[in-house]
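Novice: The structure under discussion is supplied below as structure tokens; questions concerning it will follow.
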Amino acid sequence: MRFSLLPALGLAAALFCVQPALADDDDAPSFVRLHAVDLLENALTPEQTTTLQLVAYQAAIAAACEGFTLDSAKMDKAFEKLAPVDAAKMTDAQKDYHDQHLLVIYGILVGGELGAMADDVSAACAKAGEAKADPEFAAELVWE
């Protein structure tokens with residue numbers, strides 16, 4: 001995946017049946033998240049979909065909260081996990097489409113997360129601070 005736009009997108013979390021620790025307190029995934037995942041059109045495995053959502057959540061937090069900065073090396077590593085499962089069977093054009101499609105969905109997810117926290121940014125930042133300190137979440141962090 002090409003990452004020349006990644007830092008800019010970084011400034012711009014849950015499967016249908018699995019709600020990650022960082023998602024809203026509601027039992028239902030957000031409206032935007034549901035539609036963004038639907039727009040993926042099964043291009044990712046469930047694990048990859050969760051990774052994309054968690055990265056988008058953290059990018060939104062980094063954009064809105066003091067003390068959260070994205071680590072470009074960790075972002076690169078997270079996006080490497082989103083490579084097509086059947087990449088060996090794909091043409092270069094198909095791989096490029098996959099990468100571009102994911103970046104669009106990533107942007108939608110970041111925007112959805114920003115919208116979801118807009119009513120109470122300080123609460124979202126506090127919740128993110130708890131997640132950042134949680135050792136069980138450490139492997140998923142893309143923050144510095």
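In the structure tokens, chains take letters A, B, ... by order of appearance, with residues numbered from 1 within each chain and ligands from 1 in the order shown.
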List the spatial neighbours of Lys74 in chain A as a list in words - criterion: any atom at most 9 Å away, only C-alpha atoms, same-chain residues fewer than 2 positions off excluded.

Specialist: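 Counting only C-alpha atoms, the residues come to Leu70, Asp71, Ser72, Asp76, Lys77, Ala78, Phe79, Leu141, Val142, Trp143 and Glu144 of chain A.
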
Novice: Using N, CA and C atoms, can you export the residues from the last selection as a PDB file, in the first residue's frame?

Specialist:
```
ATOM      1  N   LEU A  70      -0.303  10.363  16.216  1.00  0.00           N
ATOM      2  CA  LEU A  70      -0.146   9.122  15.464  1.00  0.00           C
ATOM      3  C   LEU A  70       1.334   8.857  15.217  1.00  0.00           C
ATOM      4  N   ASP A  71       1.713   7.599  15.339  1.00  0.00           N
ATOM      5  CA  ASP A  71       3.072   7.146  15.056  1.00  0.00           C
ATOM      6  C   ASP A  71       3.074   6.617  13.625  1.00  0.00           C
ATOM      7  N   SER A  72       3.813   7.274  12.734  1.00  0.00           N
ATOM      8  CA  SER A  72       3.754   6.897  11.317  1.00  0.00           C
ATOM      9  C   SER A  72       4.223   5.467  11.073  1.00  0.00           C
ATOM     10  N   ASP A  76       1.883   2.680   9.367  1.00  0.00           N
ATOM     11  CA  ASP A  76       2.316   1.889   8.207  1.00  0.00           C
ATOM     12  C   ASP A  76       2.126   0.402   8.467  1.00  0.00           C
ATOM     13  N   LYS A  77       2.529  -0.025   9.648  1.00  0.00           N
ATOM     14  CA  LYS A  77       2.406  -1.448  10.003  1.00  0.00           C
ATOM     15  C   LYS A  77       0.930  -1.874  10.040  1.00  0.00           C
ATOM     16  N   ALA A  78       0.087  -1.032  10.594  1.00  0.00           N
ATOM     17  CA  ALA A  78      -1.348  -1.355  10.659  1.00  0.00           C
ATOM     18  C   ALA A  78      -1.939  -1.460   9.257  1.00  0.00           C
ATOM     19  N   PHE A  79      -1.560  -0.524   8.371  1.00  0.00           N
ATOM     20  CA  PHE A  79      -2.097  -0.570   7.007  1.00  0.00           C
ATOM     21  C   PHE A  79      -1.530  -1.739   6.211  1.00  0.00           C
ATOM     22  N   LEU A 141      -2.343  -0.143  19.446  1.00  0.00           N
ATOM     23  CA  LEU A 141      -2.106   1.303  19.438  1.00  0.00           C
ATOM     24  C   LEU A 141      -1.310   1.749  18.229  1.00  0.00           C
ATOM     25  N   VAL A 142      -1.746   2.831  17.626  1.00  0.00           N
ATOM     26  CA  VAL A 142      -0.971   3.487  16.577  1.00  0.00           C
ATOM     27  C   VAL A 142      -0.609   4.898  17.026  1.00  0.00           C
ATOM     28  N   TRP A 143      -0.854   5.188  18.282  1.00  0.00           N
ATOM     29  CA  TRP A 143      -0.421   6.451  18.863  1.00  0.00           C
ATOM     30  C   TRP A 143       1.017   6.300  19.322  1.00  0.00           C
ATOM     31  N   GLU A 144       1.724   7.440  19.410  1.00  0.00           N
ATOM     32  CA  GLU A 144       3.088   7.435  19.945  1.00  0.00           C
ATOM     33  C   GLU A 144       3.046   7.118  21.420  1.00  0.00           C
TER      34      GLU A 144
END
```

Novice: For the interface of range 39-92 of chain A with range 102-113 of chain A (cut-off 12 Å, counting only C-alpha atoms), please tabulate each contacting residue of range 39-92 of chain A alongside its nearest pair of atoms and their separation in Å to one decimal, rows sorted by chain and increasing number, as a tab-separated table.

Specialist:
```
residue	atom	partner	partner_atom	distance
A:Leu39	CA	A:Ile105	CA	7.3
A:Leu40	CA	A:Ile105	CA	7.0
A:Glu41	CA	A:Leu102	CA	10.7
A:Asn42	CA	A:Leu102	CA	11.3
A:Ala43	CA	A:Leu102	CA	8.6
A:Leu44	CA	A:Leu102	CA	9.2
A:Gln48	CA	A:Leu102	CA	10.8
A:Thr49	CA	A:Leu102	CA	10.0
A:Thr50	CA	A:Leu109	CA	11.4
A:Thr51	CA	A:Tyr106	CA	10.5
A:Leu52	CA	A:Tyr106	CA	6.8
A:Gln53	CA	A:Leu109	CA	6.7
A:Leu54	CA	A:Leu109	CA	9.4
A:Val55	CA	A:Tyr106	CA	8.3
A:Ala56	CA	A:Val110	CA	4.8
A:Tyr57	CA	A:Glu113	CA	5.9
A:Gln58	CA	A:Val110	CA	8.4
A:Ala59	CA	A:Val110	CA	6.6
A:Ala60	CA	A:Val110	CA	5.4
A:Ile61	CA	A:Glu113	CA	8.3
A:Ala62	CA	A:Val110	CA	10.4
A:Ala63	CA	A:Val110	CA	9.4
A:Ala64	CA	A:Glu113	CA	10.2
A:Phe79	CA	A:Leu102	CA	9.4
A:Glu80	CA	A:Leu102	CA	11.7
A:Lys81	CA	A:Leu102	CA	11.9
A:Leu82	CA	A:Leu102	CA	8.4
A:Ala83	CA	A:Leu102	CA	9.7
A:Pro84	CA	A:Leu102	CA	10.4
```
